[in-house]
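Contents: one structure, followed by commentary.
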Amino acid sequence: MFKKHLDFEKLKTLGTDSMSDHLGIEFVEIGEDFITAKMPVNNRTTQPFGILHGGASVALAETLGSIASFLTLDDPVRQQAVGLEINANHIRSVSSGGWVYARAIPLHLGRTTHIWDIKITNEEQKLVCVVRFTVAIIGGK
């Protein structure tokens, strides 16, 4: 499913000087049909009350889903994967300290759209947030 546009070591440095770098997002694993990343729960990703900010969870999910779509493109020079719609349900809070983990699996990989199911869990593997992310594939004609 995933093409070899980038080796894993290069992927881990892809977001340098971007939002994902600022939030501390790190890619963890690429499997046959999934990709995972982690993000610290700290002063950069919490709301004023010391718990994980919902927007940080959404940024983690969109980062992961966008990269996952990029890795499936047939022609990454002419094609781009861009976010089209995102929906997140926040299920449980996470206090500052530690990490959250996100795993993206495809629900649909079409020619012009991709849909990803992204689950974010805490360090105890308890569900924190469920995200549905739709990506538009543009260019490549």
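Identifiers in the structure tokens: chain A, B, ... in order shown; residue index from 1 per chain; ligand index from 1 in order shown.
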
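For chain A, backbone-based DSSP labels the following residues as alpha helix (DSSP H): A:Phe8, A:Glu9, A:Lys10, A:Leu11, A:Lys12, A:Met19, A:Ser20, A:Asp21, A:His22, A:Leu23, A:Gly54, A:Gly55, A:Ala56, A:Ser57, A:Val58, A:Ala59, A:Leu60, A:Ala61, A:Glu62, A:Thr63, A:Leu64, A:Gly65, A:Ser66, A:Ile67, A:Ala68, A:Ser69, A:Phe70.
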
DSSP on the backbone: what in stretch 13-141 of chain A comes out strand (DSSP E or B), as number ranges by chain? A: 26-30, 35-40, 46, 51-52, 79-90, 95, 99-109, 113-121, 127-139

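For the set A:Gln47, A:Ser20, A:Gln80, A:Asn42, the residue with the smallest atom-to-atom gap to A:Thr63 is A:Ser20, counting only C-alpha atoms.
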
Which is closer to A:His90 than all the others in A:Gly65, A:Lys119, A:Ile105, A:Phe70, using only C-alpha atoms?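 Of all the options, A:Lys119 lies closest to A:His90.
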
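Near A:Ser95, within a cut-off of 12 Å and counting only C-alpha atoms, sit the residues Pro40, Val41, Asn42, Asn43, Thr45, Thr46, Gln47, Pro48, Phe49, Gly50, Ile51, Leu52, His53, Trp99, Val100, Asn122, Glu123 and Val128 of chain A, with same-chain residues fewer than 4 positions away left out.
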
May I ask for the distance between atom CA of A:Arg111 and atom CA of A:Val82, given in Å to one decimal place? 13.3 Å
